[in-house]
Each structure stands twice: as C-alpha cells, then as structure tokens.
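One file, run19.cif, is given below (mmCIF, C-alpha atoms).
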```cif
data_final
loop_
_atom_site.label_atom_id
_atom_site.label_comp_id
_atom_site.auth_asym_id
_atom_site.auth_seq_id
_atom_site.Cartn_x
_atom_site.Cartn_y
_atom_site.Cartn_z
CA SER I 373 79.26 97.17 118.07
CA MET I 374 76.87 98.32 115.35
CA ALA I 375 77.00 101.87 116.73
CA GLY I 376 80.78 101.67 116.54
CA CYS I 377 80.62 100.50 112.94
CA VAL I 378 78.41 103.47 112.05
CA SER I 379 80.88 105.80 113.76
CA ILE I 380 83.85 104.30 111.88
CA ALA I 381 82.03 104.56 108.55
CA LEU I 382 81.21 108.19 109.34
CA TYR I 383 84.83 108.78 110.30
CA THR I 384 86.22 107.72 106.93
CA CYS I 385 83.62 109.83 105.10
CA VAL I 386 84.47 112.93 107.17
CA ASN I 387 88.19 112.25 107.14
CA GLY I 388 88.32 112.54 103.38
CA ARG I 389 87.40 116.21 103.78
CA THR I 390 89.51 116.99 106.83
CA ARG I 391 92.69 115.83 105.09
CA SER I 392 92.65 119.06 103.11
CA ARG I 393 92.66 121.07 106.35
CA GLY I 394 95.97 119.74 107.54
CA PRO I 395 97.36 117.03 109.85
CA ALA I 396 96.02 118.58 113.07
CA ALA I 397 92.43 118.60 111.77
CA GLN I 398 92.75 115.01 110.63
CA TRP I 399 94.19 113.97 114.00
CA ARG I 400 91.26 115.62 115.84
CA THR I 401 88.76 113.85 113.60
CA GLY I 402 90.34 110.54 114.50
CA LEU I 403 90.21 111.40 118.20
CA LEU I 404 86.61 112.66 118.23
CA VAL I 405 84.99 110.27 115.75
CA GLY I 406 87.28 107.30 115.11
CA THR I 407 88.35 106.57 118.69
CA PRO I 408 84.79 106.37 120.14
CA GLY I 409 83.83 104.09 117.27
CA MET I 410 86.71 101.71 117.95
CA LEU I 411 85.96 101.70 121.68
CA ALA I 412 82.30 100.90 120.98
CA ILE I 413 83.25 98.03 118.70
CA GLY I 414 85.68 96.67 121.29
CA ALA I 415 83.07 96.91 124.05
CA GLY I 416 80.49 95.18 121.87
CA TRP I 417 82.83 92.34 120.99
CA THR I 418 83.72 91.91 124.67
CA LEU I 419 80.04 91.59 125.57
CA LEU I 420 79.51 89.12 122.74
CA ALA I 421 82.47 87.05 123.94
CA ALA I 422 80.88 86.87 127.40
CA ALA I 423 77.45 85.95 126.04
CA HIS I 424 75.81 82.54 126.31
CA PRO I 425 75.21 79.87 125.13
CA ARG I 426 78.70 78.62 124.42
CA LEU I 427 80.23 75.83 122.43
CA THR I 428 82.48 73.49 124.34
CA GLY I 429 85.64 72.00 122.96
CA ALA I 430 89.31 72.28 123.78
CA TRP I 431 90.11 72.94 120.13
CA LEU I 432 88.32 76.30 120.09
CA PRO I 433 90.83 78.21 122.26
CA VAL I 434 93.71 76.40 120.56
CA ILE I 435 92.65 78.00 117.27
CA GLY I 436 91.13 81.21 118.61
CA VAL I 437 93.85 82.47 120.97
CA PRO I 438 96.63 82.54 118.31
CA PHE I 439 94.28 84.35 115.92
CA LEU I 440 93.38 86.86 118.62
CA ALA I 441 97.00 87.44 119.65
CA ALA I 442 98.14 87.81 116.04
CA GLY I 443 95.35 90.32 115.37
CA VAL I 444 96.18 92.45 118.41
CA ILE I 445 99.89 92.53 117.59
CA LEU I 446 99.27 93.26 113.90
CA TYR I 447 96.86 96.07 114.74
CA ALA I 448 99.23 97.69 117.23
CA CYS I 449 102.16 97.53 114.80
CA SER I 450 100.24 98.80 111.77
CA ALA I 451 98.54 101.58 113.76
CA ARG I 452 101.89 102.71 115.13
CA TRP I 453 103.37 102.60 111.62
CA VAL I 454 100.88 105.21 110.35
CA GLY I 455 101.26 107.39 113.41
CA ARG I 456 98.12 106.55 115.38
CA TRP I 457 100.00 107.00 118.67
CA ARG I 458 101.38 110.44 117.84
CA THR I 459 100.10 113.77 119.11
CA ALA I 460 98.42 116.40 116.96
CA ALA I 461 101.70 118.34 116.81
CA THR I 462 103.74 115.40 115.47
CA TYR I 463 101.12 113.64 113.33
CA GLU I 464 102.08 113.53 109.65
CA PRO I 465 99.56 111.79 107.39
CA GLY I 466 100.75 110.33 104.14
CA LEU I 467 100.50 107.28 101.92
CA GLN I 468 102.30 104.37 103.56
CA LYS I 469 103.72 101.82 101.14
CA VAL I 470 106.53 100.18 103.10
CA GLY I 471 106.73 97.71 105.97
CA LEU I 472 103.40 96.03 106.65
CA TYR I 473 101.80 98.29 104.05
CA ALA I 474 104.03 96.77 101.37
CA ARG I 475 102.32 93.42 102.02
CA VAL I 476 98.68 94.54 102.14
CA ARG I 477 96.96 97.91 101.74
CA HIS I 478 94.82 97.57 104.87
CA PRO I 479 96.71 95.69 107.61
CA GLN I 480 94.59 97.30 110.35
CA ALA I 481 91.37 95.95 108.83
CA MET I 482 93.03 92.58 108.38
CA ALA I 483 94.07 92.65 112.04
CA LEU I 484 90.54 93.45 113.20
CA CYS I 485 89.16 90.54 111.18
CA LEU I 486 91.65 88.30 112.98
CA VAL I 487 90.67 89.78 116.37
CA ALA I 488 86.98 89.17 115.72
CA ALA I 489 87.56 85.60 114.50
CA GLY I 490 89.96 84.84 117.34
CA GLY I 491 87.66 86.28 119.99
CA ALA I 492 84.66 84.36 118.68
CA LEU I 493 86.55 81.07 118.54
CA ALA I 494 88.40 81.48 121.84
CA SER I 495 85.22 82.36 123.73
CA GLY I 496 83.04 79.77 122.04
CA SER I 497 80.17 82.25 122.32
CA VAL I 498 77.39 81.24 119.94
CA PRO I 499 76.12 84.84 119.51
CA PHE I 500 79.64 85.99 118.64
CA LEU I 501 80.16 83.12 116.19
CA LEU I 502 76.80 83.75 114.53
CA THR I 503 77.51 87.46 114.06
CA LEU I 504 81.15 86.97 113.04
CA PRO I 505 80.39 87.26 109.29
CA VAL I 506 78.84 90.68 109.98
CA TRP I 507 82.02 92.01 111.61
CA VAL I 508 84.39 90.55 109.03
CA GLY I 509 82.12 91.78 106.24
CA PHE I 510 82.05 95.25 107.75
CA TRP I 511 85.84 95.58 107.79
CA ILE I 512 86.10 94.34 104.22
CA ALA I 513 83.45 96.86 103.15
CA TYR I 514 85.23 99.56 105.17
CA THR I 515 88.38 99.16 103.08
CA HIS I 516 86.37 99.87 99.93
CA LEU I 517 84.69 102.86 101.57
CA GLU I 518 88.00 104.28 102.78
CA GLU I 519 89.61 103.95 99.37
CA ARG I 520 86.67 105.52 97.52
CA ASN I 521 86.02 108.42 99.91
CA GLU I 522 89.46 109.17 101.26
CA LEU I 523 92.51 107.55 99.70
CA LEU I 524 91.78 107.76 95.97
CA PRO I 525 90.61 111.39 96.11
CA THR I 526 93.68 112.33 98.17
CA PHE I 527 96.48 110.40 96.46
CA GLY I 528 95.04 109.83 92.98
CA GLU I 529 97.25 107.98 90.51
CA GLU I 530 99.85 107.19 93.16
CA TYR I 531 97.24 105.19 95.05
CA ARG I 532 95.95 103.51 91.88
CA GLN I 533 99.46 102.28 91.20
CA TYR I 534 99.68 101.07 94.81
CA MET I 535 96.39 99.18 94.28
CA ARG I 536 97.84 97.46 91.23
CA THR I 537 100.89 96.19 93.07
CA THR I 538 99.62 95.49 96.60
CA PRO I 539 96.71 93.24 97.70
CA ARG I 540 93.84 94.65 99.76
CA LEU I 541 93.76 92.32 102.79
CA LEU I 542 95.37 88.98 102.01
CA PRO I 543 99.13 88.99 101.37
CA ARG I 544 100.37 87.18 98.32
CA MET I 545 101.43 83.62 99.11
CA PRO I 546 103.60 81.89 96.49
CA TRP I 547 102.46 78.43 97.55
CA LEU I 548 98.80 79.43 97.09
CA GLN I 549 99.50 80.95 93.69
CA ALA I 550 101.28 77.75 92.71
CA ALA I 551 98.28 75.69 93.86
CA THR I 552 95.94 77.98 91.91
CA GLY I 553 98.09 77.55 88.85
CA ARG I 554 97.96 73.77 89.19
CA THR I 555 94.18 73.92 89.60
CA ALA I 556 93.83 76.01 86.46
CA PHE I 557 96.10 73.57 84.63
CA THR I 558 93.94 70.68 85.80
CA ILE I 559 90.81 72.45 84.60
CA ARG I 560 92.36 73.20 81.24
CA ASN I 561 93.29 69.56 80.82
CA ASP I 562 90.09 68.08 82.20
CA THR I 563 88.31 65.94 79.61
CA HIS I 564 84.92 67.56 80.23
CA ALA I 565 86.44 71.05 80.05
CA ASP I 566 88.09 70.20 76.76
CA ARG I 567 84.77 69.09 75.36
CA ASP I 568 82.96 72.15 76.69
CA PRO I 569 84.95 75.41 76.34
CA ALA I 570 82.04 77.39 77.82
CA PHE I 571 82.27 75.31 81.01
CA ARG I 572 85.99 75.99 81.22
CA ARG I 573 85.45 79.74 80.83
CA ARG I 574 82.77 79.74 83.56
CA VAL I 575 85.03 77.93 86.03
CA LEU I 576 88.01 80.22 85.40
CA GLU I 577 85.84 83.36 85.55
CA SER I 578 84.28 82.19 88.82
CA SER I 579 87.76 81.69 90.26
CA ARG I 580 88.77 85.22 89.26
CA ARG I 581 85.61 86.76 90.73
CA SER I 582 86.10 84.98 94.05
CA THR I 583 89.35 86.89 94.64
CA THR I 584 88.34 90.28 93.21
CA TYR I 585 86.68 91.57 96.38
CA PHE I 586 89.87 91.13 98.36
CA GLN I 587 92.17 92.78 95.80
#
```
Could you show the structure in this file as structure tokens?
Amino acid sequence: SMAGCVSIALYTCVNGRTRSRGPAAQWRTGLLVGTPGMLAIGAGWTLLAAAHPRLTGAWLPVIGVPFLAAGVILYACSARWVGRWRTAATYEPGLQKVGLYARVRHPQAMALCLVAAGGALASGSVPFLLTLPVWVGFWIAYTHLEERNELLPTFGEEYRQYMRTTPRLLPRMPWLQAATGRTAFTIRNDTHADRDPAFRRRVLESSRRSTTYFQ
C-alpha cells in the first residue's frame, strides 16, 4: 500500500506537467503511473483486511459494510464523471464543478477514505484498524498535493473561486452548521467566556482551525 501511495503522489506531480501536452498524454500518465498505484493500494488493503489478529463483534460488519459499499459506489460514479473509463481518443480533461463535484472538490478521495474505513471495520483486522489513520491521512494530504501541483497551476482563478464555494472532502450539512451555530452561541453566552474574552477567542479560533484542513 505504501508503494501505491508513493506512485499516486508521483502521478499527481507528473500529471501537472503532462496536462500541457494534451489529453492523450494525460490519459497515458494515468494508465502508466496512476493505475499501478491504485492497484497496489487495493492489493495492500486486501492483505491488511485478511491479516490477524482480528476483533470480534457483530457490530463491526454492520458499520463497516455500508461504509465500504458507499465508498465503492461513490468512487465508481465520481471516476466515471471525470472520464476515468474513457479511452485516450475520447478523454477530455477539464475542471468538473457539477454533479458530485458540486458537493465536494475531491469525491474520489472521499470515497477512498470510506473504502479504507469500511474495509478495516468490516474485516475487524487489527493491523488494518491500526494503520487506518495513515491511509485516511494520505488521501487528505493527496488532495492538497493535487491542488497545489496540478489544479491551481492549470485552472488558476477559476479553481480558486471553486475552492471558495465548494468544500474539500466533507459536504456541507445544514444540520451540522446549525449545531455549530448553537455551540458558538452557547460559548458566547457562557458565564466564564463572558468574564474571559481571551478564552472565548481561543475556543472559537480552535473551532475554525479544526475545519480548515478539510476545506
């Protein structure tokens, strides 16, 4: 899996340059560099899922299988949306901002986080569960790497505007925003916070920083 992660990171660095050479060159880069990386990650996760020791509990598959299924479906749909299944002759790269990409900027990375979490939980494999933060962290970091090396240099201000209006990985949820608003209101009206404005500022700033990495 680590070898696959290295290959995927290399892919997005190289792909930023091949975009200028046309769709066919970009498609070949995906085939020669990106595809082996994804296969290596998939093989590694499969081996981890089969590894021992395992946790026992009927609740693990109940949670893990829906996560895994949702991740697979989301990945297939988002990959198809950007033309991953096309041939070199029909591949047309461009900035996608509709459909799934109107909800989050990186639905494929989001899907792979769900696949990793679902596979770890469904299998109950202790090695997979212990290394799960590594895989989720990699895909979060990958989105930053892709934007810096590939998407921002290619699409410029158009992509910056897209960043301002669309979340990175987690879609906006009105009920969560409402809960966050109530929490902030509670903090603002808390007796201790009223007595200590510095404390109030630290709490609100910490809340903002906790969401920055995903935006």
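Closest to Leu404 of chain I among I:Ala489, I:Ser379, I:Arg540, I:Ala422 is I:Ser379, based on only C-alpha atoms.
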Next on the checklist: Please list as a PyMOL selection string every residue within 9 Å of Pro408 of chain I, counting all atoms listed in the file and excluding residues in the same chain fewer than 6 positions away.
Outcome noted: chain I and resi 376+379-380+402
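Note that the spacing between atom CA of Cys485 of chain I and atom CA of Ala396 of chain I amounts to 28.9 Å.
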Item to check | Point (91.6, 100.5, 102.5), cut-off 8 Å, counting only C-alpha atoms, residues as a PyMOL selection string | outcome: chain I and resi 477-478+481+514-519+523+540
Checklist entry - Any idea what's packed within 10 Å of Ser495 of chain I, counting all atoms listed in the file, ignoring anything in its chain fewer than 4 positions away? Could you give it as a PyMOL selection string? => result chain I and resi 418+420-424+426-428+432-433+436-437+490-491+500-501
Item to check | Neighbour list for Met374 of chain I as a VMD selection string, cut-off 10 Å, only C-alpha atoms, skip fewer than 6 positions in-chain | outcome: chain I and resid 380 409 412 to 413 416 506 to 507 510
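Closest approach to Thr384 of chain I among I:Met545, I:Val498, I:Leu440, I:Ala513 is made by I:Ala513 (distances from only C-alpha atoms).
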Item to check | Gap from atom CA of Cys377 of chain I to atom CA of Ser450 of chain I - Å, one decimal | outcome: 19.7 Å
Residue completion, segment 403-417 of chain I, N, CA, C and O atoms, as an mmCIF file, in the frame of the given file:
```
data_model
loop_
_atom_site.group_PDB
_atom_site.id
_atom_site.type_symbol
_atom_site.label_atom_id
_atom_site.label_comp_id
_atom_site.auth_asym_id
_atom_site.auth_seq_id
_atom_site.Cartn_x
_atom_site.Cartn_y
_atom_site.Cartn_z
ATOM 1 N N LEU I 403 90.432 111.432 116.752
ATOM 2 C CA LEU I 403 90.210 111.400 118.200
ATOM 3 C C LEU I 403 88.717 111.489 118.542
ATOM 4 O O LEU I 403 88.219 110.748 119.400
ATOM 5 N N LEU I 404 87.995 112.373 117.864
ATOM 6 C CA LEU I 404 86.610 112.660 118.230
ATOM 7 C C LEU I 404 85.607 111.694 117.605
ATOM 8 O O LEU I 404 84.521 111.478 118.163
ATOM 9 N N VAL I 405 85.934 111.140 116.448
ATOM 10 C CA VAL I 405 84.990 110.270 115.750
ATOM 11 C C VAL I 405 85.486 108.825 115.687
ATOM 12 O O VAL I 405 84.754 107.887 116.004
ATOM 13 N N GLY I 406 86.750 108.648 115.272
ATOM 14 C CA GLY I 406 87.280 107.300 115.110
ATOM 15 C C GLY I 406 87.481 106.553 116.424
ATOM 16 O O GLY I 406 87.088 105.393 116.544
ATOM 17 N N THR I 407 88.064 107.232 117.408
ATOM 18 C CA THR I 407 88.350 106.570 118.690
ATOM 19 C C THR I 407 87.080 106.085 119.391
ATOM 20 O O THR I 407 87.030 104.924 119.849
ATOM 21 N N PRO I 408 86.023 106.892 119.529
ATOM 22 C CA PRO I 408 84.790 106.370 120.140
ATOM 23 C C PRO I 408 84.215 105.183 119.377
ATOM 24 O O PRO I 408 83.683 104.246 119.982
ATOM 25 N N GLY I 409 84.329 105.209 118.059
ATOM 26 C CA GLY I 409 83.830 104.090 117.270
ATOM 27 C C GLY I 409 84.586 102.807 117.569
ATOM 28 O O GLY I 409 83.982 101.740 117.743
ATOM 29 N N MET I 410 85.916 102.892 117.640
ATOM 30 C CA MET I 410 86.710 101.710 117.950
ATOM 31 C C MET I 410 86.437 101.197 119.358
ATOM 32 O O MET I 410 86.365 99.985 119.588
ATOM 33 N N LEU I 411 86.273 102.113 120.304
ATOM 34 C CA LEU I 411 85.960 101.700 121.680
ATOM 35 C C LEU I 411 84.607 101.004 121.749
ATOM 36 O O LEU I 411 84.431 100.015 122.474
ATOM 37 N N ALA I 412 83.638 101.515 120.982
ATOM 38 C CA ALA I 412 82.300 100.900 120.980
ATOM 39 C C ALA I 412 82.358 99.501 120.373
ATOM 40 O O ALA I 412 81.714 98.568 120.886
ATOM 41 N N ILE I 413 83.119 99.357 119.298
ATOM 42 C CA ILE I 413 83.250 98.030 118.700
ATOM 43 C C ILE I 413 83.922 97.068 119.669
ATOM 44 O O ILE I 413 83.478 95.923 119.854
ATOM 45 N N GLY I 414 84.998 97.523 120.319
ATOM 46 C CA GLY I 414 85.680 96.670 121.290
ATOM 47 C C GLY I 414 84.784 96.270 122.442
ATOM 48 O O GLY I 414 84.789 95.106 122.873
ATOM 49 N N ALA I 415 83.992 97.216 122.944
ATOM 50 C CA ALA I 415 83.070 96.910 124.050
ATOM 51 C C ALA I 415 82.010 95.904 123.595
ATOM 52 O O ALA I 415 81.668 94.962 124.332
ATOM 53 N N GLY I 416 81.493 96.100 122.382
ATOM 54 C CA GLY I 416 80.490 95.180 121.870
ATOM 55 C C GLY I 416 81.028 93.776 121.698
ATOM 56 O O GLY I 416 80.364 92.789 122.037
ATOM 57 N N TRP I 417 82.239 93.669 121.157
ATOM 58 C CA TRP I 417 82.830 92.340 120.990
ATOM 59 C C TRP I 417 83.109 91.681 122.336
ATOM 60 O O TRP I 417 82.977 90.462 122.469
#
```
